[in-house]
Structures are given as structure tokens and as C-alpha cells.
file query_18.cif (mmCIF, N, CA and C atoms and all ligand atoms)
data_input
loop_
_atom_site.label_atom_id
_atom_site.label_comp_id
_atom_site.auth_asym_id
_atom_site.auth_seq_id
_atom_site.Cartn_x
_atom_site.Cartn_y
_atom_site.Cartn_z
N MET R 296 5.29 0.77 33.14
CA MET R 296 6.15 -0.37 33.50
C MET R 296 7.54 -0.19 32.92
N ARG R 297 7.55 0.24 31.64
CA ARG R 297 8.84 0.46 31.00
C ARG R 297 9.62 1.54 31.75
N ARG R 298 8.89 2.56 32.15
CA ARG R 298 9.54 3.65 32.84
C ARG R 298 10.14 3.18 34.17
N PHE R 299 9.35 2.39 34.87
CA PHE R 299 9.83 1.86 36.15
C PHE R 299 11.09 1.02 35.95
N TYR R 300 11.04 0.24 34.90
CA TYR R 300 12.16 -0.65 34.62
C TYR R 300 13.45 0.16 34.41
N LEU R 301 13.33 1.24 33.64
CA LEU R 301 14.50 2.07 33.38
C LEU R 301 15.02 2.69 34.68
N SER R 302 14.08 3.15 35.52
CA SER R 302 14.50 3.75 36.78
C SER R 302 15.24 2.74 37.63
N ALA R 303 14.74 1.53 37.65
CA ALA R 303 15.38 0.50 38.45
C ALA R 303 16.78 0.22 37.92
N ALA R 304 16.92 0.25 36.61
CA ALA R 304 18.24 0.01 36.02
C ALA R 304 19.21 1.12 36.40
N VAL R 305 18.71 2.35 36.37
CA VAL R 305 19.55 3.48 36.75
C VAL R 305 19.94 3.37 38.21
N ALA R 306 18.98 3.03 39.04
CA ALA R 306 19.26 2.89 40.47
C ALA R 306 20.30 1.80 40.70
N ALA R 307 20.19 0.71 39.97
CA ALA R 307 21.14 -0.38 40.12
C ALA R 307 22.54 0.07 39.72
N ALA R 308 22.61 0.86 38.65
CA ALA R 308 23.90 1.35 38.19
C ALA R 308 24.51 2.29 39.22
N MET R 309 23.68 3.16 39.78
CA MET R 309 24.17 4.10 40.79
C MET R 309 24.66 3.34 42.02
N PHE R 310 23.91 2.31 42.40
CA PHE R 310 24.32 1.50 43.54
C PHE R 310 25.69 0.88 43.29
N ALA R 311 25.88 0.39 42.08
CA ALA R 311 27.15 -0.22 41.74
C ALA R 311 28.29 0.78 41.88
N VAL R 312 28.03 2.03 41.45
CA VAL R 312 29.05 3.06 41.57
C VAL R 312 29.34 3.35 43.04
N LEU R 313 28.29 3.42 43.84
CA LEU R 313 28.47 3.69 45.26
C LEU R 313 29.30 2.60 45.91
N VAL R 314 29.00 1.36 45.57
CA VAL R 314 29.74 0.24 46.14
C VAL R 314 31.20 0.33 45.74
N ALA R 315 31.43 0.66 44.47
CA ALA R 315 32.81 0.77 43.99
C ALA R 315 33.55 1.86 44.74
N ASN R 316 32.88 2.99 44.96
CA ASN R 316 33.53 4.11 45.64
C ASN R 316 33.82 3.80 47.11
N THR R 317 32.87 3.16 47.78
CA THR R 317 33.06 2.93 49.21
C THR R 317 34.07 1.82 49.46
N SER R 318 34.27 0.95 48.48
CA SER R 318 35.23 -0.13 48.70
C SER R 318 36.66 0.37 48.54
N ALA R 319 36.84 1.45 47.77
CA ALA R 319 38.20 1.92 47.50
C ALA R 319 38.98 2.34 48.74
N PRO R 320 38.38 3.16 49.66
CA PRO R 320 39.16 3.62 50.80
C PRO R 320 39.58 2.51 51.75
N ALA R 321 38.94 1.34 51.65
CA ALA R 321 39.28 0.25 52.54
C ALA R 321 40.64 -0.34 52.19
N GLN R 322 41.08 -0.07 50.97
CA GLN R 322 42.37 -0.59 50.56
C GLN R 322 43.49 0.19 51.26
N VAL R 323 44.66 -0.43 51.30
CA VAL R 323 45.81 0.25 51.88
C VAL R 323 46.11 1.50 51.06
N ALA R 324 46.34 2.60 51.75
CA ALA R 324 46.59 3.86 51.05
C ALA R 324 47.84 3.76 50.20
N SER R 325 47.74 4.24 49.00
CA SER R 325 48.91 4.27 48.12
C SER R 325 49.50 5.67 48.18
N GLU R 326 50.62 5.86 47.53
CA GLU R 326 51.23 7.19 47.55
C GLU R 326 50.41 8.20 46.77
N ALA R 327 49.91 7.75 45.63
CA ALA R 327 48.98 8.61 44.90
C ALA R 327 47.68 8.65 45.70
N GLN R 328 46.97 9.77 45.62
CA GLN R 328 45.79 9.91 46.48
C GLN R 328 44.56 10.33 45.70
N PRO R 329 44.20 9.57 44.68
CA PRO R 329 43.02 9.94 43.91
C PRO R 329 41.73 9.82 44.72
N ASP R 330 41.77 9.03 45.80
CA ASP R 330 40.56 8.83 46.59
C ASP R 330 40.59 9.67 47.87
N ALA R 331 41.57 10.54 47.99
CA ALA R 331 41.65 11.34 49.21
C ALA R 331 40.41 12.20 49.36
N THR R 332 39.95 12.32 50.58
CA THR R 332 38.83 13.21 50.83
C THR R 332 39.34 14.42 51.60
N TRP R 333 38.53 15.44 51.58
CA TRP R 333 38.95 16.73 52.10
C TRP R 333 37.88 17.29 53.01
N ARG R 334 38.28 18.09 53.92
CA ARG R 334 37.27 18.75 54.75
C ARG R 334 37.72 20.17 55.07
N LEU R 335 36.72 21.01 55.27
CA LEU R 335 37.00 22.36 55.71
C LEU R 335 36.87 22.40 57.22
N GLU R 336 37.72 23.15 57.86
CA GLU R 336 37.61 23.37 59.30
C GLU R 336 37.55 24.86 59.57
N ALA R 337 36.53 25.26 60.31
CA ALA R 337 36.40 26.66 60.67
C ALA R 337 37.44 27.00 61.73
N VAL R 338 38.16 28.10 61.53
CA VAL R 338 39.10 28.55 62.56
C VAL R 338 38.30 29.00 63.78
N GLU R 339 37.22 29.72 63.53
CA GLU R 339 36.30 30.16 64.60
C GLU R 339 34.89 29.87 64.11
N LYS R 340 34.20 28.98 64.81
CA LYS R 340 32.91 28.50 64.30
C LYS R 340 31.76 29.48 64.51
N THR R 341 31.94 30.42 65.42
CA THR R 341 30.85 31.34 65.72
C THR R 341 31.10 32.71 65.10
N LEU R 342 30.07 33.24 64.45
CA LEU R 342 30.19 34.54 63.79
C LEU R 342 29.08 35.47 64.27
N PRO R 343 29.35 36.77 64.28
CA PRO R 343 28.32 37.72 64.70
C PRO R 343 27.29 37.95 63.58
N VAL R 344 26.10 38.31 63.99
CA VAL R 344 25.04 38.64 63.05
C VAL R 344 25.03 40.14 62.80
N GLY R 345 24.78 40.52 61.55
CA GLY R 345 24.42 41.91 61.27
C GLY R 345 25.55 42.83 60.88
N SER R 346 26.77 42.51 61.27
CA SER R 346 27.87 43.41 60.92
C SER R 346 28.85 42.67 60.02
N GLU R 347 29.63 43.45 59.28
CA GLU R 347 30.61 42.80 58.41
C GLU R 347 31.60 42.04 59.28
N THR R 348 31.90 40.83 58.84
CA THR R 348 32.81 40.00 59.63
C THR R 348 33.68 39.18 58.68
N THR R 349 34.73 38.62 59.21
CA THR R 349 35.61 37.78 58.42
C THR R 349 35.58 36.37 58.96
N LEU R 350 35.37 35.42 58.08
CA LEU R 350 35.43 34.02 58.50
C LEU R 350 36.71 33.42 57.94
N ALA R 351 37.20 32.40 58.61
CA ALA R 351 38.45 31.78 58.20
C ALA R 351 38.33 30.26 58.30
N VAL R 352 38.89 29.58 57.31
CA VAL R 352 38.85 28.12 57.29
C VAL R 352 40.21 27.56 56.90
N ARG R 353 40.41 26.33 57.28
CA ARG R 353 41.54 25.55 56.76
C ARG R 353 40.98 24.41 55.94
N LEU R 354 41.68 24.04 54.91
CA LEU R 354 41.32 22.88 54.10
C LEU R 354 42.22 21.73 54.54
N ILE R 355 41.60 20.67 55.04
CA ILE R 355 42.36 19.55 55.60
C ILE R 355 42.26 18.34 54.68
N GLN R 356 43.40 17.74 54.44
CA GLN R 356 43.40 16.46 53.72
C GLN R 356 43.12 15.38 54.76
N ALA R 357 41.98 14.72 54.61
CA ALA R 357 41.52 13.80 55.65
C ALA R 357 42.52 12.66 55.91
N SER R 358 43.13 12.17 54.86
CA SER R 358 44.01 11.01 55.02
C SER R 358 45.25 11.33 55.85
N SER R 359 45.73 12.55 55.76
CA SER R 359 46.95 12.92 56.49
C SER R 359 46.65 13.81 57.69
N GLY R 360 45.48 14.42 57.68
CA GLY R 360 45.13 15.36 58.75
C GLY R 360 45.85 16.69 58.62
N LYS R 361 46.53 16.89 57.50
CA LYS R 361 47.32 18.11 57.36
C LYS R 361 46.55 19.20 56.62
N PRO R 362 46.75 20.45 57.02
CA PRO R 362 46.13 21.56 56.29
C PRO R 362 46.85 21.79 54.98
N VAL R 363 46.08 22.16 53.98
CA VAL R 363 46.63 22.40 52.64
C VAL R 363 47.00 23.87 52.49
N ALA R 364 48.20 24.12 52.03
CA ALA R 364 48.65 25.49 51.80
C ALA R 364 48.46 25.85 50.33
N ASN R 365 48.17 27.13 50.12
CA ASN R 365 48.15 27.69 48.76
C ASN R 365 47.13 27.06 47.81
N ALA R 366 46.03 26.59 48.35
CA ALA R 366 44.94 26.16 47.49
C ALA R 366 44.27 27.41 46.92
N VAL R 367 43.59 27.23 45.81
CA VAL R 367 42.81 28.33 45.24
C VAL R 367 41.35 27.98 45.38
N MET R 368 40.65 28.74 46.21
CA MET R 368 39.23 28.44 46.42
C MET R 368 38.38 29.28 45.49
N PHE R 369 37.35 28.65 44.95
CA PHE R 369 36.45 29.37 44.07
C PHE R 369 35.06 28.78 44.24
N ARG R 370 34.09 29.41 43.64
CA ARG R 370 32.70 29.00 43.80
C ARG R 370 32.33 28.82 45.26
N ALA R 371 32.82 29.71 46.08
CA ALA R 371 32.46 29.66 47.49
C ALA R 371 31.04 30.17 47.67
N ARG R 372 30.26 29.48 48.50
CA ARG R 372 28.89 29.88 48.76
C ARG R 372 28.60 29.69 50.24
N LEU R 373 27.90 30.66 50.80
CA LEU R 373 27.54 30.61 52.21
C LEU R 373 26.03 30.82 52.30
N ASP R 374 25.32 29.79 52.75
CA ASP R 374 23.87 29.94 52.85
C ASP R 374 23.33 29.16 54.05
N MET R 375 22.04 29.35 54.30
CA MET R 375 21.44 28.77 55.51
C MET R 375 20.81 27.40 55.26
N ALA R 376 21.35 26.64 54.35
CA ALA R 376 20.83 25.31 54.07
C ALA R 376 20.67 24.43 55.33
N PRO R 377 21.60 24.52 56.28
CA PRO R 377 21.44 23.67 57.48
C PRO R 377 20.17 23.99 58.28
N ASP R 378 19.64 25.19 58.13
CA ASP R 378 18.40 25.55 58.80
C ASP R 378 17.23 25.61 57.82
N GLY R 379 17.36 24.92 56.69
CA GLY R 379 16.26 24.84 55.74
C GLY R 379 16.05 26.08 54.91
N MET R 380 17.09 26.94 54.83
CA MET R 380 16.97 28.17 54.05
C MET R 380 18.12 28.26 53.05
N GLY R 381 18.17 27.26 52.17
CA GLY R 381 19.25 27.21 51.19
C GLY R 381 19.23 28.37 50.22
N ASP R 382 18.07 29.02 50.09
CA ASP R 382 17.97 30.18 49.20
C ASP R 382 18.55 31.44 49.82
N MET R 383 18.78 31.39 51.13
CA MET R 383 19.25 32.58 51.82
C MET R 383 20.79 32.56 51.84
N ALA R 384 21.37 33.26 50.89
CA ALA R 384 22.83 33.29 50.78
C ALA R 384 23.38 34.61 51.30
N ALA R 385 24.58 34.56 51.80
CA ALA R 385 25.25 35.76 52.28
C ALA R 385 26.32 36.17 51.28
N PRO R 386 26.58 37.48 51.19
CA PRO R 386 27.68 37.93 50.32
C PRO R 386 28.99 37.35 50.84
N LEU R 387 29.88 37.04 49.91
CA LEU R 387 31.13 36.39 50.29
C LEU R 387 32.23 36.91 49.37
N ALA R 388 33.28 37.46 49.95
CA ALA R 388 34.40 37.97 49.15
C ALA R 388 35.70 37.48 49.75
N PRO R 389 36.61 37.00 48.90
CA PRO R 389 37.91 36.55 49.41
C PRO R 389 38.62 37.70 50.12
N ALA R 390 39.32 37.36 51.20
CA ALA R 390 40.08 38.36 51.95
C ALA R 390 41.52 37.89 52.09
N ALA R 391 42.40 38.83 52.26
CA ALA R 391 43.82 38.50 52.37
C ALA R 391 44.09 37.70 53.63
N SER R 392 45.09 36.82 53.54
CA SER R 392 45.47 36.03 54.70
C SER R 392 46.99 35.96 54.76
N SER R 393 47.52 36.08 55.97
CA SER R 393 48.98 36.03 56.12
C SER R 393 49.46 34.61 56.33
N ASP R 394 48.52 33.68 56.48
CA ASP R 394 48.86 32.27 56.69
C ASP R 394 48.42 31.49 55.45
N ALA R 395 49.37 30.80 54.81
CA ALA R 395 49.07 30.10 53.55
C ALA R 395 48.09 28.95 53.73
N THR R 396 47.88 28.52 54.97
CA THR R 396 46.93 27.42 55.20
C THR R 396 45.59 27.92 55.73
N VAL R 397 45.44 29.23 55.84
CA VAL R 397 44.18 29.80 56.31
C VAL R 397 43.56 30.63 55.19
N TYR R 398 42.31 30.35 54.89
CA TYR R 398 41.59 31.02 53.80
C TYR R 398 40.49 31.86 54.42
N ARG R 399 40.45 33.12 54.02
CA ARG R 399 39.55 34.06 54.68
C ARG R 399 38.58 34.69 53.68
N PHE R 400 37.39 34.96 54.19
CA PHE R 400 36.36 35.62 53.39
C PHE R 400 35.66 36.64 54.27
N THR R 401 35.30 37.75 53.67
CA THR R 401 34.46 38.69 54.40
C THR R 401 33.00 38.42 54.03
N THR R 402 32.13 38.61 55.00
CA THR R 402 30.72 38.38 54.78
C THR R 402 29.91 39.26 55.75
N ARG R 403 28.61 39.22 55.54
CA ARG R 403 27.69 39.88 56.47
C ARG R 403 26.47 38.98 56.57
N LEU R 404 26.23 38.46 57.75
CA LEU R 404 25.15 37.49 57.95
C LEU R 404 23.89 38.18 58.46
N GLY R 405 22.79 37.96 57.77
CA GLY R 405 21.56 38.67 58.11
C GLY R 405 20.70 37.98 59.13
N MET R 406 21.11 36.83 59.61
CA MET R 406 20.22 36.08 60.47
C MET R 406 21.02 35.13 61.36
N ALA R 407 20.57 34.98 62.60
CA ALA R 407 21.20 34.02 63.49
C ALA R 407 20.82 32.61 63.08
N GLY R 408 21.76 31.70 63.21
CA GLY R 408 21.49 30.31 62.85
C GLY R 408 22.71 29.66 62.24
N ARG R 409 22.47 28.59 61.54
CA ARG R 409 23.58 27.84 60.96
C ARG R 409 23.76 28.16 59.49
N TRP R 410 24.99 28.38 59.12
CA TRP R 410 25.35 28.74 57.75
C TRP R 410 26.35 27.73 57.21
N LEU R 411 26.08 27.24 56.02
CA LEU R 411 26.96 26.28 55.38
C LEU R 411 27.88 26.98 54.40
N LEU R 412 29.18 26.84 54.61
CA LEU R 412 30.16 27.33 53.63
C LEU R 412 30.58 26.15 52.77
N ALA R 413 30.33 26.25 51.47
CA ALA R 413 30.75 25.21 50.53
C ALA R 413 31.71 25.83 49.53
N VAL R 414 32.81 25.17 49.28
CA VAL R 414 33.79 25.68 48.34
C VAL R 414 34.26 24.59 47.39
N GLN R 415 34.73 25.03 46.25
CA GLN R 415 35.51 24.17 45.40
C GLN R 415 36.91 24.74 45.43
N ALA R 416 37.89 23.87 45.28
CA ALA R 416 39.26 24.34 45.40
C ALA R 416 40.18 23.58 44.47
N LYS R 417 41.18 24.32 44.01
CA LYS R 417 42.29 23.69 43.30
C LYS R 417 43.43 23.58 44.30
N VAL R 418 43.90 22.35 44.48
CA VAL R 418 44.97 22.07 45.44
C VAL R 418 46.25 21.78 44.67
N PRO R 419 47.36 22.39 45.04
CA PRO R 419 48.61 22.13 44.35
C PRO R 419 48.91 20.63 44.30
N GLY R 420 49.20 20.12 43.13
CA GLY R 420 49.55 18.72 42.98
C GLY R 420 48.37 17.78 42.84
N VAL R 421 47.16 18.32 42.90
CA VAL R 421 45.96 17.49 42.78
C VAL R 421 45.22 17.88 41.51
N THR R 422 44.98 16.91 40.68
CA THR R 422 44.36 17.20 39.38
C THR R 422 42.90 17.59 39.50
N GLU R 423 42.16 16.77 40.23
CA GLU R 423 40.72 17.01 40.28
C GLU R 423 40.38 18.19 41.21
N THR R 424 39.25 18.78 40.94
CA THR R 424 38.77 19.86 41.79
C THR R 424 38.27 19.29 43.11
N VAL R 425 38.70 19.90 44.18
CA VAL R 425 38.32 19.46 45.52
C VAL R 425 37.06 20.18 45.96
N GLN R 426 36.17 19.47 46.62
CA GLN R 426 34.97 20.10 47.17
C GLN R 426 34.94 19.83 48.66
N ALA R 427 34.60 20.86 49.42
CA ALA R 427 34.54 20.69 50.87
C ALA R 427 33.59 21.72 51.45
N GLU R 428 33.11 21.44 52.66
CA GLU R 428 32.18 22.37 53.29
C GLU R 428 32.25 22.28 54.80
N THR R 429 31.78 23.32 55.44
CA THR R 429 31.72 23.32 56.90
C THR R 429 30.60 24.26 57.34
N ILE R 430 30.19 24.12 58.59
CA ILE R 430 29.06 24.91 59.09
C ILE R 430 29.53 25.91 60.14
N PHE R 431 29.06 27.12 59.99
CA PHE R 431 29.28 28.17 60.98
C PHE R 431 27.96 28.44 61.70
N THR R 432 28.06 28.97 62.90
CA THR R 432 26.86 29.39 63.62
C THR R 432 26.94 30.88 63.88
N SER R 433 25.91 31.59 63.47
CA SER R 433 25.89 33.03 63.72
C SER R 433 24.98 33.31 64.91
N VAL R 434 25.43 34.22 65.74
CA VAL R 434 24.68 34.56 66.95
C VAL R 434 24.51 36.08 67.05
N GLU R 435 23.39 36.47 67.66
CA GLU R 435 23.15 37.90 67.90
C GLU R 435 24.24 38.41 68.84
N GLN R 436 24.71 39.61 68.56
CA GLN R 436 25.71 40.18 69.44
C GLN R 436 25.05 40.68 70.70
N PRO R 437 25.68 40.45 71.86
CA PRO R 437 25.06 40.82 73.13
C PRO R 437 24.81 42.31 73.28
N THR R 438 25.53 43.13 72.52
CA THR R 438 25.34 44.57 72.62
C THR R 438 23.98 45.00 72.08
N GLY R 439 23.39 44.13 71.23
CA GLY R 439 22.11 44.49 70.65
C GLY R 439 22.26 45.50 69.53
N ALA R 440 23.49 45.66 69.05
CA ALA R 440 23.74 46.64 67.99
C ALA R 440 23.08 46.24 66.68
N ALA R 441 22.98 44.92 66.47
CA ALA R 441 22.38 44.45 65.21
C ALA R 441 20.86 44.49 65.30
N PRO R 442 20.23 45.04 64.30
CA PRO R 442 18.76 45.06 64.31
C PRO R 442 18.21 43.64 64.15
N PRO R 443 17.08 43.33 64.78
CA PRO R 443 16.52 41.99 64.64
C PRO R 443 16.13 41.69 63.20
N HIS R 444 16.30 40.48 62.81
CA HIS R 444 15.98 40.06 61.45
C HIS R 444 14.91 38.98 61.53
N ARG R 445 13.85 39.15 60.80
CA ARG R 445 12.79 38.15 60.84
C ARG R 445 12.39 37.73 59.43
N HIS R 446 11.94 36.49 59.34
CA HIS R 446 11.43 35.98 58.07
C HIS R 446 9.92 35.98 58.11
CU CU L 1 17.53 32.86 57.25
#
call {"tool": "encode", "arguments": {"input": "query_18.cif", "output": "C-alpha cells"}}
result
Amino acid sequence: MRRFYLSAAVAAAMFAVLVANTSAPAQVASEAQPDATWRLEAVEKTLPVGSETTLAVRLIQASSGKPVANAVMFRARLDMAPDGMGDMAAPLAPAASSDATVYRFTTRLGMAGRWLLAVQAKVPGVTETVQAETIFTSVEQPTGAAPPHRH
């Protein structure tokens, strides 16, 4: 009973935090943007399976709809969580980009399906670390060059 009581108290506290967070965006936007949310947008949502490829994303500030330039992305992870395979991660390495609002990574996807790219980023002028994610879809190449992959 005591244990249940504590859980209920924790749940109530979490609910209070959720309510506080969801009520904030309803207010008129101020110049400071501590409540700004961010999203990743895939430049090309479809990626080939089996061969080394480069994926590219933009980081968008939701409140303005503008892409962020010169962010520093780190802790990037690409895995098949959308298809229930969160343990299946793909190698991911930062790649050079000639566009300051486009962030590129090289990878090699071992399986067709949906892949979630999650990143943390430092955005110029923003104190807190930004988190954002987007989903890519990998498809078998029509040439059949990629060997079939099975679980
Ligand atoms: Cu898989």
C-alpha cells in the first residue's frame, strides 16, 4: 500500500510537470525561445540498403520554420526502433557538407525498413541541448546488388 501511494504521488508530480509544459506554448511567443521545439527533416527520406550511403537532414526550429545553420550535432544514432528493432543500429559518421543548414552522415543500412535518426545538437545562441529525430526508409535497390538480409 505504501509503495502504491508513493507511485501515485510520483505520477501526480509528473502529471503536474506535463501540464506545466503543455500550457507554456499556448502563451504568446516571446523573443526568448526557451520553449522552442525542434525537428529534423530528411533531405531525402529514402535510402538504399546494403551499400554505403550518405543521409542528409536539416534542423528546423518549429516556431519559425527556419533551418538552423552551424549547429553541432552529436550523439547521433540510427536504428530500427520504428520497426521494433531498436537494438539494430547502423554505423554513422559525420560527413562534410557545403551547406551550413544541411547536416550529413555516412552510413550503411543492413536491412530494408524504417530507421530512426536521433540526434542531440548544440545550436548557436541556444543554451540547452536540442534533441530531434526523423525517420528514413531504406529500400532494396532494384539492381539486386545488395545481398538479402534476414533476421
Ligand atoms: Cu532490422
call {"tool": "closest_atom_pairs", "arguments": {"input": "query_18.cif", "of": "chain R", "to": "ligand CU 1 (chain L)", "cutoff": "8 Å", "atoms": "all atoms listed in the file", "output": "tab-separated table"}}
result
residue	atom	partner	partner_atom	distance
R:Asp374	C	L:CU1	CU	7.6
R:Met375	CA	L:CU1	CU	5.9
R:Ala376	N	L:CU1	CU	7.9
R:Asp378	C	L:CU1	CU	7.3
R:Gly379	C	L:CU1	CU	7.3
R:Met380	CA	L:CU1	CU	5.7
R:Gly381	N	L:CU1	CU	7.6
R:Asp382	C	L:CU1	CU	7.6
R:Met383	CA	L:CU1	CU	5.7
R:Ala384	N	L:CU1	CU	7.4
R:Gly405	C	L:CU1	CU	6.3
R:Met406	CA	L:CU1	CU	5.3
R:Ala407	N	L:CU1	CU	6.5
R:Gly408	CA	L:CU1	CU	7.3
R:Arg409	N	L:CU1	CU	7.8
R:His444	C	L:CU1	CU	7.9
R:Arg445	C	L:CU1	CU	7.4
R:His446	CA	L:CU1	CU	6.9
call {"tool": "atom_distance", "arguments": {"input": "query_18.cif", "atom1": "CA of Leu354 in chain R", "atom2": "CA of Thr341 in chain R"}}
result
17.8 Å
call {"tool": "atom_distance", "arguments": {"input": "query_18.cif", "atom1": "atom C of Trp410 in chain R", "atom2": "atom C of Phe431 in chain R"}}
result
4.8 Å
call {"tool": "residues_around", "arguments": {"input": "query_18.cif", "residues": "Ser346 in chain R", "least_positions_apart": "5", "cutoff": "6 Å", "atoms": "all atoms listed in the file", "output": "PDB file with N, CA and C atoms, in the frame of the given file"}}
result
ATOM      1  N   THR R 402      32.130  38.610  55.000  1.00  0.00           N
ATOM      2  CA  THR R 402      30.720  38.380  54.780  1.00  0.00           C
ATOM      3  C   THR R 402      29.910  39.260  55.750  1.00  0.00           C
ATOM      4  N   ARG R 403      28.610  39.220  55.540  1.00  0.00           N
ATOM      5  CA  ARG R 403      27.690  39.880  56.470  1.00  0.00           C
ATOM      6  C   ARG R 403      26.470  38.980  56.570  1.00  0.00           C
ATOM      7  N   LEU R 404      26.230  38.460  57.750  1.00  0.00           N
ATOM      8  CA  LEU R 404      25.150  37.490  57.950  1.00  0.00           C
ATOM      9  C   LEU R 404      23.890  38.180  58.460  1.00  0.00           C
TER      10      LEU R 404
END
call {"tool": "closest_residue", "arguments": {"input": "query_18.cif", "among": "R:Val367, R:Ile430, R:Val352, R:Val414", "to": "Thr396 in chain R", "atoms": "all atoms listed in the file"}}
result
R:Val352
call {"tool": "closest_residue", "arguments": {"input": "query_18.cif", "among": "R:Ala416, R:Ala351, R:Leu411, R:Ala385", "to": "Phe369 in chain R", "atoms": "all atoms listed in the file"}}
result
R:Ala416
call {"tool": "closest_residue", "arguments": {"input": "query_18.cif", "among": "R:Thr349, R:Glu336, R:Asp394, R:Glu428", "to": "Gln415 in chain R", "atoms": "only C-alpha atoms"}}
result
R:Glu428
call {"tool": "closest_residue", "arguments": {"input": "query_18.cif", "among": "R:Ile355, R:Val418, R:Ala390, R:Leu373", "to": "Thr432 in chain R", "atoms": "only C-alpha atoms"}}
result
R:Leu373
call {"tool": "atom_distance", "arguments": {"input": "query_18.cif", "atom1": "atom N of Ala337 in chain R", "atom2": "CA of Thr429 in chain R"}}
result
6.2 Å
call {"tool": "closest_residue", "arguments": {"input": "query_18.cif", "among": "R:Leu335, R:Tyr398, R:Gln436, R:Ala366", "to": "Pro419 in chain R", "atoms": "only N, CA and C atoms"}}
result
R:Ala366
call {"tool": "select_by_dssp", "arguments": {"input": "query_18.cif", "residues": "range 353-421 of chain R", "states": "strand (DSSP E)", "output": "number ranges by chain"}}
result
R: 353-356, 361-362, 367-375, 380-384, 387-390, 398-403, 408-417
call {"tool": "write_last_selection", "arguments": {"input": "query_18.cif", "atoms": "N, CA and C atoms", "output": "short mmCIF file (atom, residue, chain, number, x, y, z; two decimals), in the coordinates of the input"}}
result
data_model
loop_
_atom_site.label_atom_id
_atom_site.label_comp_id
_atom_site.auth_asym_id
_atom_site.auth_seq_id
_atom_site.Cartn_x
_atom_site.Cartn_y
_atom_site.Cartn_z
N ARG R 353 40.41 26.33 57.28
CA ARG R 353 41.54 25.55 56.76
C ARG R 353 40.98 24.41 55.94
N LEU R 354 41.68 24.04 54.91
CA LEU R 354 41.32 22.88 54.10
C LEU R 354 42.22 21.73 54.54
N ILE R 355 41.60 20.67 55.04
CA ILE R 355 42.36 19.55 55.60
C ILE R 355 42.26 18.34 54.68
N GLN R 356 43.40 17.74 54.44
CA GLN R 356 43.40 16.46 53.72
C GLN R 356 43.12 15.38 54.76
N LYS R 361 46.53 16.89 57.50
CA LYS R 361 47.32 18.11 57.36
C LYS R 361 46.55 19.20 56.62
N PRO R 362 46.75 20.45 57.02
CA PRO R 362 46.13 21.56 56.29
C PRO R 362 46.85 21.79 54.98
N VAL R 367 43.59 27.23 45.81
CA VAL R 367 42.81 28.33 45.24
C VAL R 367 41.35 27.98 45.38
N MET R 368 40.65 28.74 46.21
CA MET R 368 39.23 28.44 46.42
C MET R 368 38.38 29.28 45.49
N PHE R 369 37.35 28.65 44.95
CA PHE R 369 36.45 29.37 44.07
C PHE R 369 35.06 28.78 44.24
N ARG R 370 34.09 29.41 43.64
CA ARG R 370 32.70 29.00 43.80
C ARG R 370 32.33 28.82 45.26
N ALA R 371 32.82 29.71 46.08
CA ALA R 371 32.46 29.66 47.49
C ALA R 371 31.04 30.17 47.67
N ARG R 372 30.26 29.48 48.50
CA ARG R 372 28.89 29.88 48.76
C ARG R 372 28.60 29.69 50.24
N LEU R 373 27.90 30.66 50.80
CA LEU R 373 27.54 30.61 52.21
C LEU R 373 26.03 30.82 52.30
N ASP R 374 25.32 29.79 52.75
CA ASP R 374 23.87 29.94 52.85
C ASP R 374 23.33 29.16 54.05
N MET R 375 22.04 29.35 54.30
CA MET R 375 21.44 28.77 55.51
C MET R 375 20.81 27.40 55.26
N MET R 380 17.09 26.94 54.83
CA MET R 380 16.97 28.17 54.05
C MET R 380 18.12 28.26 53.05
N GLY R 381 18.17 27.26 52.17
CA GLY R 381 19.25 27.21 51.19
C GLY R 381 19.23 28.37 50.22
N ASP R 382 18.07 29.02 50.09
CA ASP R 382 17.97 30.18 49.20
C ASP R 382 18.55 31.44 49.82
N MET R 383 18.78 31.39 51.13
CA MET R 383 19.25 32.58 51.82
C MET R 383 20.79 32.56 51.84
N ALA R 384 21.37 33.26 50.89
CA ALA R 384 22.83 33.29 50.78
C ALA R 384 23.38 34.61 51.30
N LEU R 387 29.88 37.04 49.91
CA LEU R 387 31.13 36.39 50.29
C LEU R 387 32.23 36.91 49.37
N ALA R 388 33.28 37.46 49.95
CA ALA R 388 34.40 37.97 49.15
C ALA R 388 35.70 37.48 49.75
N PRO R 389 36.61 37.00 48.90
CA PRO R 389 37.91 36.55 49.41
C PRO R 389 38.62 37.70 50.12
N ALA R 390 39.32 37.36 51.20
CA ALA R 390 40.08 38.36 51.95
C ALA R 390 41.52 37.89 52.09
N TYR R 398 42.31 30.35 54.89
CA TYR R 398 41.59 31.02 53.80
C TYR R 398 40.49 31.86 54.42
N ARG R 399 40.45 33.12 54.02
CA ARG R 399 39.55 34.06 54.68
C ARG R 399 38.58 34.69 53.68
N PHE R 400 37.39 34.96 54.19
CA PHE R 400 36.36 35.62 53.39
C PHE R 400 35.66 36.64 54.27
N THR R 401 35.30 37.75 53.67
CA THR R 401 34.46 38.69 54.40
C THR R 401 33.00 38.42 54.03
N THR R 402 32.13 38.61 55.00
CA THR R 402 30.72 38.38 54.78
C THR R 402 29.91 39.26 55.75
N ARG R 403 28.61 39.22 55.54
CA ARG R 403 27.69 39.88 56.47
C ARG R 403 26.47 38.98 56.57
N GLY R 408 21.76 31.70 63.21
CA GLY R 408 21.49 30.31 62.85
C GLY R 408 22.71 29.66 62.24
N ARG R 409 22.47 28.59 61.54
CA ARG R 409 23.58 27.84 60.96
C ARG R 409 23.76 28.16 59.49
N TRP R 410 24.99 28.38 59.12
CA TRP R 410 25.35 28.74 57.75
C TRP R 410 26.35 27.73 57.21
N LEU R 411 26.08 27.24 56.02
CA LEU R 411 26.96 26.28 55.38
C LEU R 411 27.88 26.98 54.40
N LEU R 412 29.18 26.84 54.61
CA LEU R 412 30.16 27.33 53.63
C LEU R 412 30.58 26.15 52.77
N ALA R 413 30.33 26.25 51.47
CA ALA R 413 30.75 25.21 50.53
C ALA R 413 31.71 25.83 49.53
N VAL R 414 32.81 25.17 49.28
CA VAL R 414 33.79 25.68 48.34
C VAL R 414 34.26 24.59 47.39
N GLN R 415 34.73 25.03 46.25
CA GLN R 415 35.51 24.17 45.40
C GLN R 415 36.91 24.74 45.43
N ALA R 416 37.89 23.87 45.28
CA ALA R 416 39.26 24.34 45.40
C ALA R 416 40.18 23.58 44.47
N LYS R 417 41.18 24.32 44.01
CA LYS R 417 42.29 23.69 43.30
C LYS R 417 43.43 23.58 44.30
#
call {"tool": "closest_residue", "arguments": {"input": "query_18.cif", "among": "R:Val338, R:Val421, R:Pro389, R:Trp333", "to": "Met368 in chain R", "atoms": "only C-alpha atoms"}}
result
R:Pro389
